[in-house]
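For reference, target-v4.csv (CSV, C-alpha atoms):
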chain,number,residue,atom,x,y,z
G,1,MET,CA,-51.9,13.7,-24.8
G,2,PHE,CA,-49.7,14.5,-27.8
G,3,ARG,CA,-46.0,14.0,-28.3
G,4,VAL,CA,-43.4,16.7,-27.6
G,5,SER,CA,-43.2,19.1,-30.6
G,6,GLN,CA,-46.0,17.2,-32.3
G,7,GLU,CA,-47.6,19.2,-35.2
G,8,ILE,CA,-51.3,19.8,-34.4
G,9,ARG,CA,-54.1,21.6,-36.1
G,10,LEU,CA,-56.2,24.2,-34.3
G,11,ASN,CA,-59.7,25.1,-35.6
G,12,THR,CA,-60.2,28.9,-35.2
G,13,SER,CA,-62.9,29.5,-37.8
G,14,SER,CA,-66.4,30.6,-37.2
G,15,SER,CA,-67.6,27.1,-38.0
G,16,ALA,CA,-65.8,25.9,-35.0
G,17,GLU,CA,-69.0,26.2,-33.0
G,18,VAL,CA,-70.8,24.1,-35.6
G,19,THR,CA,-68.2,21.4,-35.7
G,20,ARG,CA,-68.2,21.4,-31.9
G,21,TYR,CA,-71.8,20.1,-31.9
G,22,CYS,CA,-71.7,18.3,-35.3
G,23,ASN,CA,-69.4,15.5,-36.3
G,24,THR,CA,-68.4,17.4,-39.5
G,25,THR,CA,-65.0,18.9,-40.1
G,26,ASN,CA,-63.4,20.4,-43.1
G,27,ALA,CA,-59.8,19.1,-42.8
G,28,ASP,CA,-58.8,20.4,-46.2
G,29,SER,CA,-59.6,24.0,-45.5
G,30,GLU,CA,-56.5,26.0,-44.8
G,31,ASN,CA,-58.6,29.1,-43.9
G,32,ASP,CA,-60.2,27.2,-41.0
G,33,CYS,CA,-57.1,26.1,-39.3
G,34,ILE,CA,-53.8,27.4,-38.0
G,35,PHE,CA,-50.7,25.1,-38.2
G,36,GLY,CA,-47.9,25.3,-35.7
G,37,LYS,CA,-45.7,23.4,-33.3
G,38,TYR,CA,-46.7,23.4,-29.6
G,39,GLN,CA,-44.6,22.1,-26.7
G,40,ARG,CA,-46.6,20.1,-24.2
G,41,THR,CA,-46.1,20.6,-20.5
G,42,PRO,CA,-44.0,17.8,-19.1
G,43,ASP,CA,-45.8,15.3,-16.9
G,44,ALA,CA,-45.5,15.7,-13.2
G,45,ASP,CA,-43.4,12.5,-12.8
G,46,ALA,CA,-40.9,13.9,-15.3
G,47,TYR,CA,-39.6,16.3,-12.7
G,48,PRO,CA,-36.8,14.9,-10.4
G,49,THR,CA,-38.0,14.0,-7.0
G,50,GLU,CA,-34.6,13.2,-5.5
G,51,ASN,CA,-31.5,15.2,-4.9
G,52,PRO,CA,-28.9,14.8,-7.7
G,53,LEU,CA,-26.1,12.3,-7.0
G,54,VAL,CA,-22.6,13.7,-6.8
G,55,LEU,CA,-20.0,11.0,-7.6
G,56,VAL,CA,-16.6,11.7,-6.2
G,57,ALA,CA,-13.7,9.9,-7.8
G,58,PRO,CA,-10.6,8.9,-5.8
G,59,GLU,CA,-7.4,10.9,-6.3
G,60,LEU,CA,-5.0,9.7,-8.9
G,61,THR,CA,-3.0,6.8,-7.4
G,62,ASP,CA,0.7,6.0,-8.0
G,63,PRO,CA,1.0,2.6,-6.3
G,64,SER,CA,4.7,2.4,-7.2
G,65,LYS,CA,5.4,4.8,-4.3
G,66,VAL,CA,4.0,2.5,-1.7
G,67,GLN,CA,6.5,0.4,0.3
G,68,LEU,CA,6.1,-2.8,2.2
G,69,LEU,CA,8.2,-3.0,5.3
G,70,HIS,CA,9.1,-6.3,7.1
G,71,PHE,CA,7.3,-8.4,4.6
G,72,PRO,CA,8.6,-12.0,4.9
G,73,ASN,CA,10.9,-13.1,2.1
G,74,GLY,CA,11.4,-16.7,3.1
G,75,ALA,CA,9.4,-19.8,4.1
G,76,MET,CA,7.4,-19.6,7.3
G,77,ARG,CA,6.0,-22.4,9.5
G,78,VAL,CA,2.3,-23.1,9.8
G,79,ASN,CA,0.6,-21.3,12.7
G,80,SER,CA,3.2,-18.5,12.4
G,81,GLU,CA,2.0,-14.9,12.5
G,82,VAL,CA,2.6,-12.7,9.4
G,83,ASP,CA,3.2,-9.1,10.3
G,84,PHE,CA,4.2,-6.3,7.9
G,85,ILE,CA,3.8,-2.6,7.4
G,86,ILE,CA,2.4,-0.6,4.5
G,87,LYS,CA,4.1,2.8,4.1
G,88,ARG,CA,2.1,5.3,2.0
G,89,ASN,CA,5.0,7.7,1.1
G,90,GLY,CA,2.4,10.4,0.4
G,91,VAL,CA,0.0,8.2,-1.5
G,92,LYS,CA,-3.6,9.0,-0.4
G,93,GLY,CA,-6.5,6.7,-0.5
G,94,ASN,CA,-7.8,3.4,0.9
G,95,PHE,CA,-5.8,0.2,1.2
G,96,GLU,CA,-7.2,-3.3,1.0
G,97,VAL,CA,-5.3,-6.5,1.8
G,98,LYS,CA,-6.6,-10.0,1.0
G,99,ALA,CA,-4.9,-13.2,1.9
G,100,GLU,CA,-5.6,-16.1,-0.4
G,101,SER,CA,-4.8,-19.5,1.2
G,102,PRO,CA,-3.5,-22.6,-0.5
G,103,SER,CA,-7.0,-24.1,-0.5
G,104,GLY,CA,-8.3,-21.0,-2.4
G,105,MET,CA,-10.1,-19.3,0.5
G,106,THR,CA,-9.8,-15.5,0.5
G,107,ALA,CA,-10.0,-13.5,3.7
G,108,ILE,CA,-9.8,-9.7,4.1
G,109,THR,CA,-6.9,-8.8,6.5
G,110,PRO,CA,-7.8,-5.9,8.9
G,111,LEU,CA,-5.4,-3.0,8.9
G,112,GLN,CA,-4.2,-1.1,12.0
G,113,LEU,CA,-3.4,2.6,11.7
G,114,ILE,CA,0.1,3.2,13.2
G,115,ASP,CA,0.4,6.8,12.0
G,116,PRO,CA,-0.9,8.8,9.0
G,117,GLU,CA,1.9,7.3,6.9
G,118,ARG,CA,1.9,3.6,8.1
G,119,LEU,CA,-0.6,0.8,8.3
G,120,ARG,CA,0.0,-2.6,9.9
G,121,ALA,CA,-1.3,-5.9,8.5
G,122,SER,CA,-1.2,-9.2,10.4
G,123,PHE,CA,-2.7,-12.6,10.0
G,124,GLN,CA,-1.9,-16.2,10.8
G,125,LEU,CA,-0.8,-19.0,8.4
G,126,LYS,CA,-3.2,-21.9,9.0
G,127,GLU,CA,-2.3,-24.1,6.1
G,128,ALA,CA,0.8,-25.4,4.4
G,129,GLY,CA,1.4,-24.3,0.9
G,130,LEU,CA,1.4,-21.1,-1.2
G,131,TYR,CA,-0.3,-18.0,0.1
G,132,LYS,CA,-1.1,-15.1,-2.2
G,133,ILE,CA,-1.3,-11.6,-0.6
G,134,HIS,CA,-3.3,-9.2,-2.8
G,135,ILE,CA,-2.7,-5.5,-1.9
G,136,LYS,CA,-4.6,-2.7,-3.5
G,137,CYS,CA,-4.7,1.1,-3.1
G,138,ASN,CA,-7.9,2.8,-4.4
G,139,SER,CA,-8.7,-0.5,-6.2
G,140,VAL,CA,-5.3,-0.3,-8.0
G,141,PRO,CA,-3.0,-3.4,-7.3
G,142,LEU,CA,0.5,-2.6,-6.1
G,143,PRO,CA,3.3,-3.6,-8.4
G,144,LYS,CA,4.2,-7.3,-8.0
G,145,SER,CA,0.9,-8.0,-6.3
G,146,PRO,CA,-0.1,-10.7,-5.4
G,147,PHE,CA,2.9,-11.2,-3.1
G,148,ILE,CA,3.9,-14.8,-2.3
G,149,ILE,CA,4.4,-16.4,1.1
G,150,VAL,CA,5.4,-20.1,1.4
G,151,SER,CA,4.0,-21.9,4.5
G,152,ILE,CA,5.7,-25.1,5.5
G,153,CYS,CA,4.9,-27.8,8.1
G,154,GLY,CA,7.2,-28.2,11.1
G,155,GLU,CA,7.4,-28.7,14.8
G,156,PRO,CA,5.5,-26.3,17.0
G,157,GLU,CA,7.5,-23.4,18.3
G,158,SER,CA,7.3,-24.7,21.8
G,159,ASN,CA,9.0,-28.0,20.8
G,160,VAL,CA,11.9,-26.3,19.0
G,161,ARG,CA,15.0,-26.1,21.1
G,162,LYS,CA,16.1,-22.6,21.4
G,163,MET,CA,19.8,-21.7,21.1
G,164,GLU,CA,21.2,-19.8,24.1
G,165,LEU,CA,23.4,-16.8,23.4
G,166,PRO,CA,27.0,-17.2,24.5
G,167,VAL,CA,28.5,-14.9,27.1
G,168,PHE,CA,30.5,-12.3,25.2
G,169,LYS,CA,33.5,-10.6,26.6
G,170,SER,CA,33.8,-7.2,24.9
G,171,ASP,CA,34.4,-3.5,25.5
G,172,ALA,CA,32.2,-1.2,23.4
G,173,SER,CA,34.5,1.8,24.3
G,174,CYS,CA,37.2,0.3,22.1
G,175,VAL,CA,34.9,0.4,19.0
G,176,THR,CA,35.9,3.0,16.4
G,177,TYR,CA,33.9,4.4,13.4
G,178,ARG,CA,34.3,6.6,10.4
G,179,GLY,CA,32.2,7.9,7.5
G,180,LEU,CA,30.0,10.8,6.4
G,181,GLY,CA,26.9,8.8,7.3
G,182,LEU,CA,27.5,9.7,10.9
G,183,THR,CA,27.8,13.4,10.4
G,184,HIS,CA,25.0,14.3,7.9
G,185,ILE,CA,22.2,12.7,5.9
G,186,SER,CA,21.6,13.0,2.1
G,187,LEU,CA,18.0,12.4,1.2
G,188,GLU,CA,17.1,9.5,-1.2
G,189,GLU,CA,20.8,8.6,-1.5
G,190,LYS,CA,23.0,5.9,0.0
G,191,ASN,CA,24.5,7.0,3.3
G,192,GLU,CA,27.5,5.0,4.5
G,193,PHE,CA,29.8,4.6,7.5
G,194,THR,CA,32.1,2.0,8.9
G,195,VAL,CA,32.2,0.5,12.4
G,196,ASP,CA,35.4,-1.2,13.5
G,197,GLY,CA,35.1,-3.6,16.5
G,198,SER,CA,38.4,-5.5,15.9
G,199,ALA,CA,39.8,-4.2,19.1
G,200,ALA,CA,36.6,-4.5,21.2
G,201,GLY,CA,36.3,-8.2,21.5
G,202,ASN,CA,33.6,-10.5,20.1
G,203,ASN,CA,30.1,-9.3,20.1
G,204,MET,CA,27.2,-8.3,17.8
G,205,LEU,CA,26.6,-4.9,16.2
G,206,PHE,CA,23.1,-3.4,16.3
G,207,VAL,CA,22.2,-0.3,14.3
G,208,GLY,CA,18.9,1.5,14.3
G,209,ILE,CA,17.7,4.8,12.8
G,210,PHE,CA,14.6,6.7,14.0
G,211,GLY,CA,13.2,9.7,12.1
G,212,PRO,CA,10.2,12.0,11.9
G,213,LYS,CA,8.0,9.2,10.6
G,214,GLY,CA,9.4,6.3,12.5
G,215,GLN,CA,12.0,3.8,11.6
G,216,CYS,CA,14.4,4.3,8.7
G,217,ASP,CA,13.2,2.8,5.4
G,218,GLU,CA,16.4,0.7,4.8
G,219,VAL,CA,19.4,-0.2,6.9
G,220,VAL,CA,22.0,-2.7,5.6
G,221,ILE,CA,24.8,-4.1,7.8
G,222,LYS,CA,27.6,-6.0,6.0
G,223,HIS,CA,30.4,-7.8,7.8
G,224,THR,CA,33.6,-7.3,5.9
G,225,GLY,CA,35.8,-9.4,8.2
G,226,ASN,CA,37.6,-9.2,11.5
G,227,ASN,CA,34.6,-7.5,13.2
G,228,VAL,CA,34.6,-4.6,10.8
G,229,TYR,CA,31.2,-3.6,9.4
G,230,LYS,CA,30.0,-1.4,6.6
G,231,ILE,CA,26.6,0.2,7.2
G,232,THR,CA,24.4,1.6,4.5
G,233,TYR,CA,21.1,3.4,5.0
G,234,GLU,CA,18.6,5.5,3.0
G,235,VAL,CA,15.9,8.0,4.1
G,236,ARG,CA,13.3,9.9,2.2
G,237,ASP,CA,11.9,12.4,4.7
G,238,PRO,CA,13.6,15.6,5.8
G,239,GLY,CA,14.0,16.3,9.5
G,240,ASP,CA,15.9,15.2,12.6
G,241,TYR,CA,17.1,11.6,13.0
G,242,LEU,CA,18.5,9.6,15.8
G,243,LEU,CA,21.1,6.9,14.9
G,244,VAL,CA,21.8,4.3,17.6
G,245,ALA,CA,24.8,1.9,17.3
G,246,LYS,CA,25.4,-0.8,20.0
G,247,TRP,CA,28.2,-3.3,20.4
G,248,GLY,CA,26.3,-6.0,22.2
G,249,GLU,CA,24.2,-4.2,24.9
G,250,GLU,CA,26.4,-1.1,25.1
G,251,HIS,CA,26.5,2.0,23.0
G,252,ILE,CA,29.6,2.6,21.0
G,253,PRO,CA,31.4,6.0,21.6
G,254,GLY,CA,29.2,8.9,20.4
G,255,SER,CA,26.0,6.8,20.2
G,256,PRO,CA,23.2,7.9,19.9
G,257,PHE,CA,24.1,10.2,17.0
G,258,GLN,CA,21.9,13.2,16.3
G,259,LEU,CA,21.6,13.8,12.5
G,260,ASN,CA,19.6,16.1,10.3
G,261,ALA,CA,18.4,15.5,6.8
G,262,ILE,CA,17.6,18.5,4.5

Kindly return the structure encoded in the file as structure tokens.
Amino acid sequence: MFRVSQEIRLNTSSSAEVTRYCNTTNADSENDCIFGKYQRTPDADAYPTENPLVLVAPELTDPSKVQLLHFPNGAMRVNSEVDFIIKRNGVKGNFEVKAESPSGMTAITPLQLIDPERLRASFQLKEAGLYKIHIKCNSVPLPKSPFIIVSICGEPESNVRKMELPVFKSDASCVTYRGLGLTHISLEEKNEFTVDGSAAGNNMLFVGIFGPKGQCDEVVIKHTGNNVYKITYEVRDPGDYLLVAKWGEEHIPGSPFQLNAI
């Protein structure tokens, strides 16, 4: 065989028949030969025998949009269960959570799909020390990853004396409230309202907000004194919301509140 585009000499003279049977050639005779470039036929094995591969790249990922809900921000005891939620906020792709123990062992944490926007991750702290939680989306680490959890030794939960709640004497119907946060919702802004329980007796205030995609992203309750509370919350998704406010186990007047975010 000759190489691709190799220049070869073809003998087309009348003496070709002679040289065919005799080992004599006249290589210097231009009249006896034609010069040119000839393309050889590719070998059979040069043709593809498999279907071409199509590589699909993941969509562009902006990990800064992803939120971690209920992630522990303090020390936890050994054998405690870590449970938190990953909220996509529109980010598409695959998530991966790895827990690196204080001894250096790394384990993949299984993820449970709650809804298209939220994933739940849970695992148990088996050692005392510093845990590193590596979280990636489409192989891109989230900002501030790895996240740190401190695990400390302590008595088992069954041996810890539990505090009993006192018996409160209160009247939720005497609770008053004010603020625009109970009449309408502004998207991606701080919504505020005030709950005044100074005339309702001693008890605890509970506030929860449920929307189209589950629980509200952020609810902050601040006690300003004399059973007066300032509540701040923020939502990102438009739609109908249900705001529940309880004084102890009883709803305050008007609760649950039906709100709409546009």

Find the residues around Phe71 in chain G up to 9 Å (all atoms listed in the file counted), leave out those fewer than 3 positions away in its own chain, and share them as a list in words.
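The filter keeps Leu68, Val82, Asp83, Phe84 and Ile85 of chain G.
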
Suppose you want the space between CA of Gln124 in chain G and CA of Cys216 in chain G; what is it in Å?
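CA of Gln124 in chain G sits 26.3 Å away from CA of Cys216 in chain G.
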
Counting all atoms listed in the file, which of G:Lys190, G:Lys132, G:Arg178, G:Lys65 gets nearest to Tyr229 in chain G?
G:Arg178

For CA of Leu242 in chain G and CA of Ala172 in chain G, determine how far apart the two atoms are, in Å to one decimal place.
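Spanning CA of Leu242 in chain G to CA of Ala172 in chain G is a straight-line distance of 19.0 Å.
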
Contacts of range 167-170 of chain G at 6 Å (all atoms listed in the file; same-chain gap of 4+ positions) as a list in words
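With the cut-off at 6 Å, the set is Ala200, Gly201, Asn202 and Asn203 of chain G.
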
Return the single residue from G:Gly154, G:Pro72, G:Gly225, G:Gly239 that is closest to Phe210 in chain G, with distances computed using only C-alpha atoms.
G:Gly239

Nearest to Asn191 in chain G among G:Cys174, G:Cys153, G:Ala245, G:Leu259, with distances taken over only C-alpha atoms: which residue is it?
G:Leu259

Non-local contacts of His134 in chain G (6 Å; all atoms listed in the file; under 6 positions in same chain excluded) as an mmCIF file with C-alpha atoms, keeping the file's coordinate frame:
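After the write, selection.cif holds the following:
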data_model
loop_
_atom_site.group_PDB
_atom_site.id
_atom_site.type_symbol
_atom_site.label_atom_id
_atom_site.label_comp_id
_atom_site.auth_asym_id
_atom_site.auth_seq_id
_atom_site.Cartn_x
_atom_site.Cartn_y
_atom_site.Cartn_z
ATOM 1 C CA VAL G 97 -5.300 -6.500 1.800
ATOM 2 C CA LYS G 98 -6.600 -10.000 1.000
ATOM 3 C CA SER G 145 0.900 -8.000 -6.300
ATOM 4 C CA PRO G 146 -0.100 -10.700 -5.400
#

Nearby residues (only C-alpha atoms) at most 7 Å from Ile86 in chain G, same-chain spacing under 5 positions excluded, as a list in words:
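My reading of the contact set: Gln67, Leu68, Leu69, Arg118, Leu119 and Arg120 of chain G.
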
Just give me the gap between CA of Glu164 in chain G and CA of Lys246 in chain G in Å, one decimal is fine.
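These two atoms are separated by 19.9 Å.
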
For range 59-73 of chain G, supply N, CA, C and O atoms and report the output as a short mmCIF file (atom, residue, chain, number, x, y, z; two decimals), in the frame of the given file.
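Contents of result_23.cif, freshly written:
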data_model
loop_
_atom_site.label_atom_id
_atom_site.label_comp_id
_atom_site.auth_asym_id
_atom_site.auth_seq_id
_atom_site.Cartn_x
_atom_site.Cartn_y
_atom_site.Cartn_z
N GLU G 59 -8.50 10.18 -5.68
CA GLU G 59 -7.40 10.90 -6.30
C GLU G 59 -6.54 9.92 -7.10
O GLU G 59 -6.55 8.71 -6.89
N LEU G 60 -5.81 10.49 -8.05
CA LEU G 60 -5.00 9.70 -8.90
C LEU G 60 -3.95 8.92 -7.99
O LEU G 60 -3.35 9.50 -7.10
N THR G 61 -3.82 7.64 -8.22
CA THR G 61 -3.00 6.80 -7.40
C THR G 61 -1.75 6.35 -8.11
O THR G 61 -1.82 5.92 -9.25
N ASP G 62 -0.60 6.47 -7.43
CA ASP G 62 0.70 6.00 -8.00
C ASP G 62 1.14 4.86 -7.03
O ASP G 62 1.89 5.12 -6.09
N PRO G 63 0.67 3.62 -7.23
CA PRO G 63 1.00 2.60 -6.30
C PRO G 63 2.48 2.22 -6.23
O PRO G 63 2.92 1.55 -5.30
N SER G 64 3.26 2.68 -7.21
CA SER G 64 4.70 2.40 -7.20
C SER G 64 5.41 3.05 -6.05
O SER G 64 6.52 2.66 -5.68
N LYS G 65 4.81 4.10 -5.45
CA LYS G 65 5.40 4.80 -4.30
C LYS G 65 5.26 4.06 -3.01
O LYS G 65 5.98 4.32 -2.05
N VAL G 66 4.28 3.17 -2.94
CA VAL G 66 4.00 2.50 -1.70
C VAL G 66 5.07 1.46 -1.38
O VAL G 66 5.55 0.76 -2.28
N GLN G 67 5.45 1.36 -0.11
CA GLN G 67 6.50 0.40 0.30
C GLN G 67 5.88 -0.60 1.30
O GLN G 67 4.99 -0.28 2.09
N LEU G 68 6.40 -1.82 1.24
CA LEU G 68 6.10 -2.80 2.20
C LEU G 68 7.30 -3.07 3.09
O LEU G 68 8.37 -3.42 2.59
N LEU G 69 7.14 -2.86 4.39
CA LEU G 69 8.20 -3.00 5.30
C LEU G 69 8.04 -4.30 6.14
O LEU G 69 6.92 -4.61 6.56
N HIS G 70 9.13 -5.02 6.35
CA HIS G 70 9.10 -6.30 7.10
C HIS G 70 8.30 -7.37 6.53
O HIS G 70 7.83 -8.25 7.25
N PHE G 71 8.10 -7.32 5.22
CA PHE G 71 7.30 -8.40 4.60
C PHE G 71 8.24 -9.64 4.50
O PHE G 71 9.40 -9.55 4.11
N PRO G 72 7.73 -10.81 4.90
CA PRO G 72 8.60 -12.00 4.90
C PRO G 72 9.06 -12.40 3.53
O PRO G 72 8.29 -12.37 2.56
N ASN G 73 10.34 -12.74 3.44
CA ASN G 73 10.90 -13.10 2.10
C ASN G 73 11.41 -14.54 2.12
O ASN G 73 12.15 -14.94 1.23
#
